[in-house]
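See structure below.
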Amino acid sequence: MFDQTLEYFLKAGDIKRKDAVEVRWAHAVNTRSRLKEALSGPTHMLEADVILNGVFPREPIMAHPPATDSDITLREWLQAVKVHNKGIKLDFKSLEAVALSVALLQEVLSELNFPIWVNADVLQGPGGTACPLDPRAFLVAVERLPPHAVLSLGWTALWTAGTDNPGYSWVMVKQMQELCREVKHPVTFPVCAALMARSFSQLKWLLQQSDRYTLTVWTGRSDELRLQDLVSYRKEFDVSRIYYDLPEHQRMELSVMSQN
């Protein structure tokens with residue numbers, strides 16, 4: 001199964017060309033107010049964090065650690081989203097919420113085909129200090145998702161000012177390819193924009209390993225990002241295979257720069 005995200009938004013008339021830079025993102029849609037805002041706005045993909053609540057009975061809620069409570073559960077969130085033409089990206093920081101969340105996705109969204117992405121950092125990456133989720137356990141937990149669901153499998157990565165930040169190494173991309181070799185779902189690899197200038201050959205090789213693979217470019221709030229570094233990717237790669245989960249002004253500027 002190939003990534004159907006762009007095809008979905010093209011068919012809905014939400015984007016005009018098969019270029020992943022056209023996709024707009026809403027972040028941290030973890031409250032009722034943020035959800036209402038995102039559903040009524042121009043964004044295409046809604047990114048939210050899923051954890052288990054801190055009381056019995058435990059159930060998936062929308063919140064980012066260290067929070068343990070929220071004003072909206074995952075069930076309520078999915079019920080609200082399913083009547084709109086939006087895609088979703090659920091971000092998991094722990095394995096304990098994954099199985100219950102997958103069961104809810106199957107139950108609530110079984111008849112729908114809008115974009116469903118599930119995200120987790122599963123390997124150690126450049127500068128990353130957080131502990132990744134167990135990759136095999138995560139893949140087992142999400143294998144029952146519908147075939148069009150996209151697995152967003154990342155590295156723990158961090159750009160730090162004033163240091164010689166390494167890029168994604170050959171060891172890292174080959175570990176990821178070994179992990180994804182037998183995966184049946186489409187896969188996107190989240191990559192830190194500030195580290196991409198030093199990772200061109202490695203990421204190019206990784207995308208060449210399967211037509212099911214894409215990249216999703218992200219940036220930290222304090223990262224120093226040169227958009228010109230990303231233009232070379234847009235010139236070298238199929239523009240349908242690199243998403244740009246960037247602040248809106250950077251996404252729009254990149255789109256203009258790469259057309260000149």
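Residue numbering restarts at 1 for every chain of the structure tokens, chains are lettered A, B, ... in their displayed order, and ligands are numbered from 1 as they appear.
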
Tell me, as a PyMOL selection string, which residues lie within 12 Å of Glu182 (chain A), counting only C-alpha atoms; anything in the same chain fewer than 3 positions away does not count.
chain A and resi 136+139-140+143+176-179+185-187+209-210+212

Write a file of the selected residues as a tab-separated table (two decimals), in the first residue's frame, keeping all heavy atoms.
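Produced file part25.tsv, reproduced below:
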chain	number	residue	atom	x	y	z
A	136	ARG	N	9.85	-2.97	17.86
A	136	ARG	CA	9.11	-4.18	17.50
A	136	ARG	C	7.75	-4.20	18.20
A	136	ARG	O	6.73	-4.57	17.60
A	136	ARG	CB	9.92	-5.43	17.87
A	136	ARG	CG	11.26	-5.52	17.18
A	136	ARG	CD	11.12	-5.72	15.68
A	136	ARG	NE	12.42	-5.76	15.01
A	136	ARG	CZ	12.59	-5.81	13.69
A	136	ARG	NH1	11.51	-5.84	12.91
A	136	ARG	NH2	13.78	-5.82	13.17
A	139	LEU	N	5.38	-1.80	16.40
A	139	LEU	CA	4.90	-2.31	15.12
A	139	LEU	C	3.86	-3.42	15.32
A	139	LEU	O	2.89	-3.50	14.56
A	139	LEU	CB	6.08	-2.83	14.29
A	139	LEU	CG	7.02	-1.75	13.75
A	139	LEU	CD1	8.17	-2.39	12.97
A	139	LEU	CD2	6.27	-0.76	12.87
A	140	VAL	N	4.05	-4.25	16.32
A	140	VAL	CA	3.05	-5.28	16.61
A	140	VAL	C	1.74	-4.62	17.03
A	140	VAL	O	0.65	-5.03	16.62
A	140	VAL	CB	3.56	-6.23	17.72
A	140	VAL	CG1	2.43	-7.12	18.23
A	140	VAL	CG2	4.71	-7.08	17.19
A	143	GLU	N	-0.12	-3.09	13.86
A	143	GLU	CA	-0.24	-3.86	12.62
A	143	GLU	C	-1.68	-4.10	12.20
A	143	GLU	O	-1.95	-4.39	11.03
A	143	GLU	CB	0.50	-5.19	12.75
A	143	GLU	CG	-0.07	-6.14	13.78
A	143	GLU	CD	0.74	-7.42	13.90
A	143	GLU	OE1	1.73	-7.56	13.14
A	143	GLU	OE2	0.41	-8.27	14.75
A	176	MET	N	16.88	1.79	10.39
A	176	MET	CA	15.47	2.06	10.10
A	176	MET	C	14.99	1.20	8.93
A	176	MET	O	13.88	0.65	8.96
A	176	MET	CB	15.27	3.54	9.78
A	176	MET	CG	13.81	3.94	9.65
A	176	MET	SD	12.84	3.75	11.19
A	176	MET	CE	13.24	5.28	12.04
A	177	GLN	N	15.80	1.08	7.91
A	177	GLN	CA	15.41	0.24	6.78
A	177	GLN	C	15.25	-1.22	7.19
A	177	GLN	O	14.31	-1.91	6.77
A	177	GLN	CB	16.44	0.36	5.66
A	177	GLN	CG	16.38	-0.73	4.59
A	177	GLN	CD	15.04	-0.83	3.88
A	177	GLN	OE1	14.18	0.04	4.03
A	177	GLN	NE2	14.84	-1.90	3.11
A	178	GLU	N	16.12	-1.70	8.04
A	178	GLU	CA	16.02	-3.07	8.52
A	178	GLU	C	14.72	-3.26	9.30
A	178	GLU	O	14.06	-4.30	9.17
A	178	GLU	CB	17.22	-3.41	9.40
A	178	GLU	CG	17.29	-4.87	9.84
A	178	GLU	CD	17.41	-5.84	8.68
A	178	GLU	OE1	17.99	-5.46	7.63
A	178	GLU	OE2	16.91	-6.98	8.80
A	179	LEU	N	14.35	-2.26	10.08
A	179	LEU	CA	13.12	-2.33	10.86
A	179	LEU	C	11.89	-2.34	9.96
A	179	LEU	O	10.92	-3.06	10.23
A	179	LEU	CB	13.05	-1.13	11.81
A	179	LEU	CG	11.78	-0.98	12.66
A	179	LEU	CD1	11.67	-2.14	13.65
A	179	LEU	CD2	11.80	0.35	13.39
A	185	HIS	N	2.44	-1.41	5.79
A	185	HIS	CA	1.83	-0.10	5.68
A	185	HIS	C	2.78	0.89	4.99
A	185	HIS	O	3.99	0.68	4.99
A	185	HIS	CB	1.48	0.44	7.07
A	185	HIS	CG	0.35	-0.25	7.73
A	185	HIS	ND1	0.51	-1.40	8.46
A	185	HIS	CD2	-0.97	0.04	7.79
A	185	HIS	CE1	-0.66	-1.80	8.94
A	185	HIS	NE2	-1.58	-0.94	8.55
A	186	PRO	N	2.23	1.99	4.45
A	186	PRO	CA	3.12	3.08	4.05
A	186	PRO	C	3.80	3.66	5.28
A	186	PRO	O	3.24	3.65	6.39
A	186	PRO	CB	2.16	4.10	3.41
A	186	PRO	CG	0.80	3.73	3.88
A	186	PRO	CD	0.82	2.27	4.17
A	187	VAL	N	5.02	4.16	5.10
A	187	VAL	CA	5.83	4.65	6.21
A	187	VAL	C	6.35	6.05	5.87
A	187	VAL	O	6.81	6.28	4.76
A	187	VAL	CB	7.03	3.73	6.50
A	187	VAL	CG1	7.87	4.29	7.65
A	187	VAL	CG2	6.56	2.31	6.81
A	209	GLN	N	14.77	2.92	-0.99
A	209	GLN	CA	14.58	1.52	-0.62
A	209	GLN	C	13.15	1.04	-0.83
A	209	GLN	O	12.91	-0.16	-0.95
A	209	GLN	CB	14.99	1.29	0.84
A	209	GLN	CG	16.42	1.69	1.16
A	209	GLN	CD	17.42	1.13	0.15
A	209	GLN	OE1	17.51	-0.09	-0.03
A	209	GLN	NE2	18.14	2.01	-0.52
A	210	SER	N	12.17	1.96	-0.90
A	210	SER	CA	10.78	1.53	-1.11
A	210	SER	C	9.93	2.71	-1.58
A	210	SER	O	10.09	3.83	-1.08
A	210	SER	CB	10.18	0.97	0.18
A	210	SER	OG	8.81	0.67	0.00
A	212	ARG	N	7.00	2.96	-0.81
A	212	ARG	CA	6.06	3.22	0.30
A	212	ARG	C	6.58	4.27	1.26
A	212	ARG	O	5.86	4.70	2.15
A	212	ARG	CB	5.80	1.92	1.07
A	212	ARG	CG	5.10	0.84	0.30
A	212	ARG	CD	4.90	-0.42	1.15
A	212	ARG	NE	6.18	-1.03	1.52
A	212	ARG	CZ	6.73	-0.98	2.73
A	212	ARG	NH1	6.11	-0.36	3.70
A	212	ARG	NH2	7.89	-1.56	2.97

Residue set, region 26-170 of chain A restricted to helix (DSSP H, G or I), as a VMD selection string
chain A and resid 32 to 40 74 to 81 95 to 108 135 to 142 170

Mind pulling up the distance from CA of Ser101 (chain A) to CA of Lys86 (chain A)?
18.4 Å

Would you mind listing what lies within 10 Å of Lys82 (chain A) as an mmCIF file with all heavy atoms, in the first residue's frame, with only C-alpha atoms counted and same-chain residues fewer than 2 positions away left out?
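Wrote selection_16.cif, looks like this:
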data_model
loop_
_atom_site.group_PDB
_atom_site.id
_atom_site.type_symbol
_atom_site.label_atom_id
_atom_site.label_comp_id
_atom_site.auth_asym_id
_atom_site.auth_seq_id
_atom_site.Cartn_x
_atom_site.Cartn_y
_atom_site.Cartn_z
ATOM 1 N N TRP A 77 -12.627 12.799 20.691
ATOM 2 C CA TRP A 77 -11.836 13.498 19.666
ATOM 3 C C TRP A 77 -12.088 12.880 18.290
ATOM 4 O O TRP A 77 -12.331 13.587 17.314
ATOM 5 C CB TRP A 77 -10.365 13.399 20.067
ATOM 6 C CG TRP A 77 -9.406 14.317 19.381
ATOM 7 C CD1 TRP A 77 -9.038 15.561 19.781
ATOM 8 C CD2 TRP A 77 -8.640 14.024 18.202
ATOM 9 N NE1 TRP A 77 -8.091 16.076 18.916
ATOM 10 C CE2 TRP A 77 -7.837 15.165 17.953
ATOM 11 C CE3 TRP A 77 -8.556 12.933 17.345
ATOM 12 C CZ2 TRP A 77 -6.955 15.230 16.869
ATOM 13 C CZ3 TRP A 77 -7.685 12.993 16.257
ATOM 14 C CH2 TRP A 77 -6.897 14.127 16.023
ATOM 15 N N LEU A 78 -12.041 11.546 18.216
ATOM 16 C CA LEU A 78 -12.265 10.861 16.941
ATOM 17 C C LEU A 78 -13.693 11.056 16.446
ATOM 18 O O LEU A 78 -13.921 11.228 15.243
ATOM 19 C CB LEU A 78 -11.957 9.368 17.085
ATOM 20 C CG LEU A 78 -10.492 8.998 17.342
ATOM 21 C CD1 LEU A 78 -10.370 7.497 17.604
ATOM 22 C CD2 LEU A 78 -9.607 9.405 16.171
ATOM 23 N N GLN A 79 -14.660 11.032 17.345
ATOM 24 C CA GLN A 79 -16.054 11.239 16.956
ATOM 25 C C GLN A 79 -16.234 12.621 16.335
ATOM 26 O O GLN A 79 -17.010 12.789 15.385
ATOM 27 C CB GLN A 79 -16.977 11.083 18.172
ATOM 28 C CG GLN A 79 -17.065 9.674 18.733
ATOM 29 C CD GLN A 79 -17.930 8.751 17.888
ATOM 30 O OE1 GLN A 79 -18.418 9.109 16.822
ATOM 31 N NE2 GLN A 79 -18.129 7.529 18.372
ATOM 32 N N ALA A 80 -15.540 13.617 16.868
ATOM 33 C CA ALA A 80 -15.646 14.970 16.316
ATOM 34 C C ALA A 80 -14.945 15.090 14.967
ATOM 35 O O ALA A 80 -15.450 15.752 14.055
ATOM 36 C CB ALA A 80 -15.060 15.981 17.311
ATOM 37 N N HIS A 84 -15.494 15.547 9.467
ATOM 38 C CA HIS A 84 -14.808 16.592 8.712
ATOM 39 C C HIS A 84 -13.797 15.952 7.763
ATOM 40 O O HIS A 84 -13.347 14.827 7.969
ATOM 41 C CB HIS A 84 -14.082 17.560 9.658
ATOM 42 C CG HIS A 84 -14.998 18.346 10.527
ATOM 43 N ND1 HIS A 84 -15.602 17.816 11.640
ATOM 44 C CD2 HIS A 84 -15.418 19.635 10.449
ATOM 45 C CE1 HIS A 84 -16.353 18.740 12.217
ATOM 46 N NE2 HIS A 84 -16.261 19.848 11.513
ATOM 47 N N ASN A 85 -13.415 16.686 6.727
ATOM 48 C CA ASN A 85 -12.444 16.186 5.758
ATOM 49 C C ASN A 85 -11.019 16.525 6.200
ATOM 50 O O ASN A 85 -10.285 17.232 5.510
ATOM 51 C CB ASN A 85 -12.713 16.780 4.368
ATOM 52 C CG ASN A 85 -14.017 16.295 3.782
ATOM 53 O OD1 ASN A 85 -14.414 15.152 3.999
ATOM 54 N ND2 ASN A 85 -14.689 17.158 3.040
ATOM 55 N N LYS A 86 -10.639 16.028 7.352
ATOM 56 C CA LYS A 86 -9.310 16.271 7.894
ATOM 57 C C LYS A 86 -8.581 14.947 8.084
ATOM 58 O O LYS A 86 -9.201 13.901 8.328
ATOM 59 C CB LYS A 86 -9.397 16.987 9.247
ATOM 60 C CG LYS A 86 -10.188 18.284 9.253
ATOM 61 C CD LYS A 86 -9.447 19.430 8.599
ATOM 62 C CE LYS A 86 -10.188 20.744 8.798
ATOM 63 N NZ LYS A 86 -9.503 21.887 8.179
ATOM 64 N N GLY A 87 -7.257 14.999 7.986
ATOM 65 C CA GLY A 87 -6.458 13.852 8.350
ATOM 66 C C GLY A 87 -5.978 13.987 9.782
ATOM 67 O O GLY A 87 -6.016 15.080 10.363
ATOM 68 N N ILE A 88 -5.530 12.885 10.372
ATOM 69 C CA ILE A 88 -5.087 12.909 11.761
ATOM 70 C C ILE A 88 -3.714 12.265 11.895
ATOM 71 O O ILE A 88 -3.363 11.348 11.148
ATOM 72 C CB ILE A 88 -6.080 12.199 12.700
ATOM 73 C CG1 ILE A 88 -6.199 10.708 12.360
ATOM 74 C CG2 ILE A 88 -7.452 12.876 12.636
ATOM 75 C CD1 ILE A 88 -7.070 9.917 13.349
ATOM 76 N N VAL A 108 -14.181 3.337 15.747
ATOM 77 C CA VAL A 108 -14.814 4.609 15.406
ATOM 78 C C VAL A 108 -14.647 4.966 13.933
ATOM 79 O O VAL A 108 -15.532 5.573 13.325
ATOM 80 C CB VAL A 108 -14.236 5.742 16.294
ATOM 81 C CG1 VAL A 108 -14.838 7.093 15.923
ATOM 82 C CG2 VAL A 108 -14.483 5.435 17.761
ATOM 83 N N LEU A 109 -13.524 4.566 13.339
ATOM 84 C CA LEU A 109 -13.214 5.002 11.979
ATOM 85 C C LEU A 109 -13.243 3.867 10.966
ATOM 86 O O LEU A 109 -12.703 3.993 9.874
ATOM 87 C CB LEU A 109 -11.834 5.665 11.955
ATOM 88 C CG LEU A 109 -11.611 6.797 12.965
ATOM 89 C CD1 LEU A 109 -10.198 7.334 12.843
ATOM 90 C CD2 LEU A 109 -12.616 7.914 12.758
ATOM 91 N N GLU A 111 -15.284 2.683 8.845
ATOM 92 C CA GLU A 111 -15.873 2.888 7.533
ATOM 93 C C GLU A 111 -15.265 4.065 6.783
ATOM 94 O O GLU A 111 -15.720 4.387 5.681
ATOM 95 C CB GLU A 111 -17.395 3.109 7.684
ATOM 96 C CG GLU A 111 -18.118 1.993 8.407
ATOM 97 C CD GLU A 111 -17.980 0.655 7.696
ATOM 98 O OE1 GLU A 111 -18.007 0.655 6.447
ATOM 99 O OE2 GLU A 111 -17.826 -0.373 8.376
ATOM 100 N N LEU A 112 -14.270 4.714 7.342
ATOM 101 C CA LEU A 112 -13.741 5.933 6.743
ATOM 102 C C LEU A 112 -12.353 5.704 6.159
ATOM 103 O O LEU A 112 -11.627 4.808 6.578
ATOM 104 C CB LEU A 112 -13.685 7.044 7.793
ATOM 105 C CG LEU A 112 -15.045 7.398 8.432
ATOM 106 C CD1 LEU A 112 -14.858 8.430 9.515
ATOM 107 C CD2 LEU A 112 -16.020 7.896 7.377
ATOM 108 N N ASN A 113 -12.005 6.547 5.177
ATOM 109 C CA ASN A 113 -10.716 6.371 4.515
ATOM 110 C C ASN A 113 -9.863 7.626 4.558
ATOM 111 O O ASN A 113 -8.943 7.767 3.763
ATOM 112 C CB ASN A 113 -10.924 5.955 3.060
ATOM 113 C CG ASN A 113 -11.585 7.049 2.224
ATOM 114 O OD1 ASN A 113 -12.139 7.998 2.775
ATOM 115 N ND2 ASN A 113 -11.529 6.927 0.914
ATOM 116 N N PHE A 114 -10.157 8.573 5.479
ATOM 117 C CA PHE A 114 -9.317 9.767 5.522
ATOM 118 C C PHE A 114 -7.951 9.420 6.108
ATOM 119 O O PHE A 114 -7.776 8.372 6.745
ATOM 120 C CB PHE A 114 -10.003 10.911 6.271
ATOM 121 C CG PHE A 114 -10.299 10.677 7.721
ATOM 122 C CD1 PHE A 114 -9.286 10.636 8.661
ATOM 123 C CD2 PHE A 114 -11.607 10.537 8.160
ATOM 124 C CE1 PHE A 114 -9.557 10.452 10.001
ATOM 125 C CE2 PHE A 114 -11.889 10.355 9.502
ATOM 126 C CZ PHE A 114 -10.862 10.309 10.424
#

Mind listing the strand (DSSP E) residues of region 38-221 of chain A, per DSSP on the backbone, as number ranges by chain?
A: 45-52, 60-62, 87-92, 116-124, 150-156, 187-192, 213-218

Could the residues in this selection be saved with C-alpha atoms as a CSV table (one decimal), in the first residue's frame?
chain,number,residue,atom,x,y,z
A,45,MET,CA,-3.7,17.3,9.1
A,46,LEU,CA,-4.4,17.5,12.8
A,47,GLU,CA,-1.6,16.4,15.1
A,48,ALA,CA,-2.4,15.4,18.7
A,49,ASP,CA,-0.8,13.5,21.6
A,50,VAL,CA,-2.3,10.5,23.2
A,51,ILE,CA,-1.6,9.2,26.7
A,52,LEU,CA,-3.6,7.1,29.2
A,60,PRO,CA,-6.7,7.2,26.0
A,61,ILE,CA,-7.0,11.0,26.4
A,62,MET,CA,-5.5,13.9,24.4
A,87,GLY,CA,-6.5,13.9,8.4
A,88,ILE,CA,-5.1,12.9,11.8
A,89,LYS,CA,-1.7,12.2,13.2
A,90,LEU,CA,-1.6,10.6,16.7
A,91,ASP,CA,1.7,10.9,18.5
A,92,PHE,CA,2.6,8.3,21.2
A,116,ILE,CA,-4.6,8.3,9.6
A,117,TRP,CA,-1.0,8.6,10.7
A,118,VAL,CA,0.4,7.1,14.0
A,119,ASN,CA,3.7,8.4,15.2
A,120,ALA,CA,6.4,7.3,17.6
A,121,ASP,CA,10.2,7.7,17.9
A,122,VAL,CA,11.5,4.2,17.7
A,123,LEU,CA,15.2,4.6,17.2
A,124,GLN,CA,18.0,6.7,18.7
A,150,VAL,CA,0.6,5.7,7.6
A,151,LEU,CA,3.2,4.6,10.2
A,152,SER,CA,5.3,7.7,11.2
A,153,LEU,CA,8.5,6.1,12.5
A,154,GLY,CA,11.1,8.5,13.8
A,155,TRP,CA,14.4,8.9,15.6
A,156,THR,CA,14.9,10.7,18.8
A,187,VAL,CA,5.8,4.7,6.2
A,188,THR,CA,6.9,8.3,6.7
A,189,PHE,CA,10.1,9.2,8.5
A,190,PRO,CA,10.0,12.4,10.6
A,191,VAL,CA,13.3,14.2,10.2
A,192,CYS,CA,14.6,17.3,11.9
A,213,TYR,CA,8.4,5.6,2.1
A,214,THR,CA,8.1,9.4,2.5
A,215,LEU,CA,9.8,12.0,4.7
A,216,THR,CA,8.1,14.4,7.0
A,217,VAL,CA,10.2,17.5,7.9
A,218,TRP,CA,9.8,19.1,11.3

Can you check which parts of region 182-251 of chain A lie within 8 Å of region 24-35 of chain A? Per residue, the shortest pair of atoms and distance in Å to one decimal, counting only C-alpha atoms, sorted by chain and number, as a Markdown table.
| residue | atom | partner | partner_atom | distance |
| --- | --- | --- | --- | --- |
| A:Asp245 | CA | A:Trp25 | CA | 6.1 |
| A:Leu246 | CA | A:Trp25 | CA | 7.7 |
| A:Glu248 | CA | A:Arg24 | CA | 7.4 |

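The coordinates place CA of Val183 (chain A) at 28.9 Å from CA of Ser232 (chain A).
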
Exercise: Arg58 (chain A) partners within 12 Å, only C-alpha atoms, chain neighbours under 6 positions left out, as an mmCIF file with all heavy atoms, in the first residue's frame:
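Output contents, as saved in around_37.cif:
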data_model
loop_
_atom_site.group_PDB
_atom_site.id
_atom_site.type_symbol
_atom_site.label_atom_id
_atom_site.label_comp_id
_atom_site.auth_asym_id
_atom_site.auth_seq_id
_atom_site.Cartn_x
_atom_site.Cartn_y
_atom_site.Cartn_z
ATOM 1 N N ILE A 51 -2.167 9.877 25.495
ATOM 2 C CA ILE A 51 -1.646 9.188 26.678
ATOM 3 C C ILE A 51 -2.813 8.476 27.348
ATOM 4 O O ILE A 51 -3.975 8.668 26.971
ATOM 5 C CB ILE A 51 -0.981 10.167 27.669
ATOM 6 C CG1 ILE A 51 -2.018 11.162 28.222
ATOM 7 C CG2 ILE A 51 0.186 10.886 27.025
ATOM 8 C CD1 ILE A 51 -1.499 12.037 29.354
ATOM 9 N N LEU A 52 -2.523 7.660 28.344
ATOM 10 C CA LEU A 52 -3.580 7.117 29.190
ATOM 11 C C LEU A 52 -3.789 8.051 30.374
ATOM 12 O O LEU A 52 -2.823 8.587 30.929
ATOM 13 C CB LEU A 52 -3.218 5.715 29.684
ATOM 14 C CG LEU A 52 -3.209 4.586 28.651
ATOM 15 C CD1 LEU A 52 -3.011 3.249 29.347
ATOM 16 C CD2 LEU A 52 -4.481 4.563 27.816
ATOM 17 N N THR A 68 -1.417 14.561 32.853
ATOM 18 C CA THR A 68 -2.078 13.271 33.070
ATOM 19 C C THR A 68 -3.583 13.375 32.930
ATOM 20 O O THR A 68 -4.296 12.404 33.177
ATOM 21 C CB THR A 68 -1.748 12.724 34.475
ATOM 22 O OG1 THR A 68 -2.185 13.683 35.466
ATOM 23 C CG2 THR A 68 -0.261 12.472 34.634
ATOM 24 N N ASP A 69 -4.077 14.547 32.535
ATOM 25 C CA ASP A 69 -5.522 14.732 32.398
ATOM 26 C C ASP A 69 -5.795 15.631 31.201
ATOM 27 O O ASP A 69 -4.899 16.319 30.702
ATOM 28 C CB ASP A 69 -6.104 15.350 33.666
ATOM 29 C CG ASP A 69 -7.608 15.134 33.767
ATOM 30 O OD1 ASP A 69 -8.164 14.429 32.901
ATOM 31 O OD2 ASP A 69 -8.223 15.679 34.691
ATOM 32 N N THR A 73 -11.391 13.018 25.615
ATOM 33 C CA THR A 73 -10.833 11.677 25.432
ATOM 34 C C THR A 73 -10.563 11.432 23.956
ATOM 35 O O THR A 73 -11.077 12.144 23.079
ATOM 36 C CB THR A 73 -11.805 10.607 25.945
ATOM 37 O OG1 THR A 73 -12.983 10.616 25.115
ATOM 38 C CG2 THR A 73 -12.190 10.857 27.398
ATOM 39 N N LEU A 74 -9.797 10.407 23.668
ATOM 40 C CA LEU A 74 -9.543 10.048 22.274
ATOM 41 C C LEU A 74 -10.850 9.667 21.572
ATOM 42 O O LEU A 74 -11.064 10.033 20.409
ATOM 43 C CB LEU A 74 -8.545 8.896 22.197
ATOM 44 C CG LEU A 74 -8.272 8.338 20.788
ATOM 45 C CD1 LEU A 74 -7.727 9.416 19.860
ATOM 46 C CD2 LEU A 74 -7.318 7.153 20.855
ATOM 47 N N GLU A 96 1.913 2.069 26.359
ATOM 48 C CA GLU A 96 0.719 1.640 27.073
ATOM 49 C C GLU A 96 -0.570 2.174 26.460
ATOM 50 O O GLU A 96 -1.630 1.552 26.604
ATOM 51 C CB GLU A 96 0.802 2.029 28.549
ATOM 52 C CG GLU A 96 0.916 3.522 28.799
ATOM 53 C CD GLU A 96 0.964 3.861 30.280
ATOM 54 O OE1 GLU A 96 0.816 2.940 31.105
ATOM 55 O OE2 GLU A 96 1.147 5.050 30.606
ATOM 56 N N ALA A 97 -0.501 3.294 25.756
ATOM 57 C CA ALA A 97 -1.713 3.858 25.164
ATOM 58 C C ALA A 97 -1.992 3.343 23.760
ATOM 59 O O ALA A 97 -3.081 3.554 23.227
ATOM 60 C CB ALA A 97 -1.613 5.381 25.134
ATOM 61 N N LEU A 100 -4.944 0.279 23.121
ATOM 62 C CA LEU A 100 -6.301 0.785 23.329
ATOM 63 C C LEU A 100 -6.677 1.800 22.261
ATOM 64 O O LEU A 100 -7.827 1.853 21.803
ATOM 65 C CB LEU A 100 -6.424 1.415 24.716
ATOM 66 C CG LEU A 100 -6.444 0.450 25.907
ATOM 67 C CD1 LEU A 100 -6.446 1.229 27.217
ATOM 68 C CD2 LEU A 100 -7.657 -0.462 25.832
ATOM 69 N N SER A 101 -5.713 2.605 21.827
ATOM 70 C CA SER A 101 -5.982 3.611 20.807
ATOM 71 C C SER A 101 -6.244 2.970 19.453
ATOM 72 O O SER A 101 -7.134 3.403 18.709
ATOM 73 C CB SER A 101 -4.811 4.587 20.709
ATOM 74 O OG SER A 101 -4.606 5.258 21.941
#

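Going from CA of Val171 (chain A) over to CA of Tyr243 (chain A), you cover 23.5 Å.
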
I want to know what sits within 10 Å of Arg144 (chain A), based on only C-alpha atoms, with residues of the same chain fewer than 2 positions away left out; could you give that as a short mmCIF file (atom, residue, chain, number, x, y, z; two decimals) with all heavy atoms, in the first residue's frame?
data_model
loop_
_atom_site.label_atom_id
_atom_site.label_comp_id
_atom_site.auth_asym_id
_atom_site.auth_seq_id
_atom_site.Cartn_x
_atom_site.Cartn_y
_atom_site.Cartn_z
N ALA A 99 -2.24 0.18 22.16
CA ALA A 99 -3.20 -0.89 21.86
C ALA A 99 -4.64 -0.42 22.03
O ALA A 99 -5.49 -0.69 21.16
CB ALA A 99 -2.92 -2.10 22.75
N VAL A 102 -5.49 1.95 19.12
CA VAL A 102 -5.70 1.24 17.85
C VAL A 102 -7.10 0.61 17.83
O VAL A 102 -7.81 0.65 16.82
CB VAL A 102 -4.61 0.18 17.63
CG1 VAL A 102 -4.98 -0.75 16.46
CG2 VAL A 102 -3.27 0.85 17.36
N ALA A 103 -7.51 0.03 18.96
CA ALA A 103 -8.85 -0.56 19.04
C ALA A 103 -9.92 0.51 18.81
O ALA A 103 -10.93 0.26 18.12
CB ALA A 103 -9.05 -1.23 20.39
N LEU A 105 -9.53 3.34 17.10
CA LEU A 105 -9.46 3.72 15.70
C LEU A 105 -10.23 2.73 14.83
O LEU A 105 -10.97 3.12 13.92
CB LEU A 105 -8.00 3.79 15.24
CG LEU A 105 -7.21 5.02 15.68
CD1 LEU A 105 -5.72 4.79 15.45
CD2 LEU A 105 -7.68 6.25 14.92
N GLN A 106 -10.08 1.45 15.12
CA GLN A 106 -10.79 0.44 14.35
C GLN A 106 -12.30 0.56 14.55
O GLN A 106 -13.08 0.39 13.61
CB GLN A 106 -10.32 -0.96 14.76
CG GLN A 106 -8.89 -1.28 14.35
CD GLN A 106 -8.45 -2.64 14.87
OE1 GLN A 106 -8.41 -2.87 16.06
NE2 GLN A 106 -8.16 -3.53 13.95
N LEU A 139 5.38 -1.80 16.40
CA LEU A 139 4.90 -2.31 15.12
C LEU A 139 3.86 -3.42 15.32
O LEU A 139 2.89 -3.50 14.56
CB LEU A 139 6.08 -2.83 14.29
CG LEU A 139 7.02 -1.75 13.75
CD1 LEU A 139 8.17 -2.39 12.97
CD2 LEU A 139 6.27 -0.76 12.87
N VAL A 140 4.05 -4.25 16.32
CA VAL A 140 3.05 -5.28 16.61
C VAL A 140 1.74 -4.62 17.03
O VAL A 140 0.65 -5.03 16.62
CB VAL A 140 3.56 -6.23 17.72
CG1 VAL A 140 2.43 -7.12 18.23
CG2 VAL A 140 4.71 -7.08 17.19
N ALA A 141 1.82 -3.56 17.83
CA ALA A 141 0.62 -2.91 18.35
C ALA A 141 -0.19 -2.22 17.26
O ALA A 141 -1.42 -2.11 17.37
CB ALA A 141 1.00 -1.90 19.43
N VAL A 142 0.47 -1.76 16.18
CA VAL A 142 -0.25 -1.00 15.15
C VAL A 142 -0.52 -1.82 13.88
O VAL A 142 -1.11 -1.30 12.94
CB VAL A 142 0.52 0.28 14.77
CG1 VAL A 142 0.69 1.18 15.98
CG2 VAL A 142 1.88 -0.03 14.15
N PRO A 146 -5.91 -0.11 9.50
CA PRO A 146 -6.27 -0.32 8.09
C PRO A 146 -5.08 -0.11 7.17
O PRO A 146 -4.14 0.62 7.52
CB PRO A 146 -7.37 0.72 7.85
CG PRO A 146 -7.24 1.71 8.96
CD PRO A 146 -6.71 0.95 10.13
N PRO A 147 -5.09 -0.75 6.01
CA PRO A 147 -3.92 -0.73 5.12
C PRO A 147 -3.46 0.67 4.72
O PRO A 147 -2.27 0.87 4.45
CB PRO A 147 -4.37 -1.53 3.90
CG PRO A 147 -5.46 -2.41 4.42
CD PRO A 147 -6.15 -1.63 5.49
N ALA A 149 -3.40 3.33 6.56
CA ALA A 149 -2.82 4.08 7.68
C ALA A 149 -1.31 4.20 7.49
O ALA A 149 -0.63 3.26 7.09
CB ALA A 149 -3.13 3.40 9.00
#

Pick out the residues sitting within 8 Å of Ser240 (chain A), and hand them over as number ranges by chain; count only C-alpha atoms, and ignore anything fewer than 2 positions along from it in its own chain.
A: 6, 18-20, 238, 242-243

Residues within 6 Å of Val231 (chain A), please, as a list in words. Count only C-alpha atoms; anything in the same chain fewer than 3 positions from it doesn't count.
Gln228, Arg234 and Ser258 of chain A

Rank nothing, just name the residue among A:Gly125, A:Thr160, A:Val239, A:Val173 nearest to Arg17 (chain A), using only C-alpha atoms.
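Closest to Arg17 (chain A) of all the choices is A:Val239.
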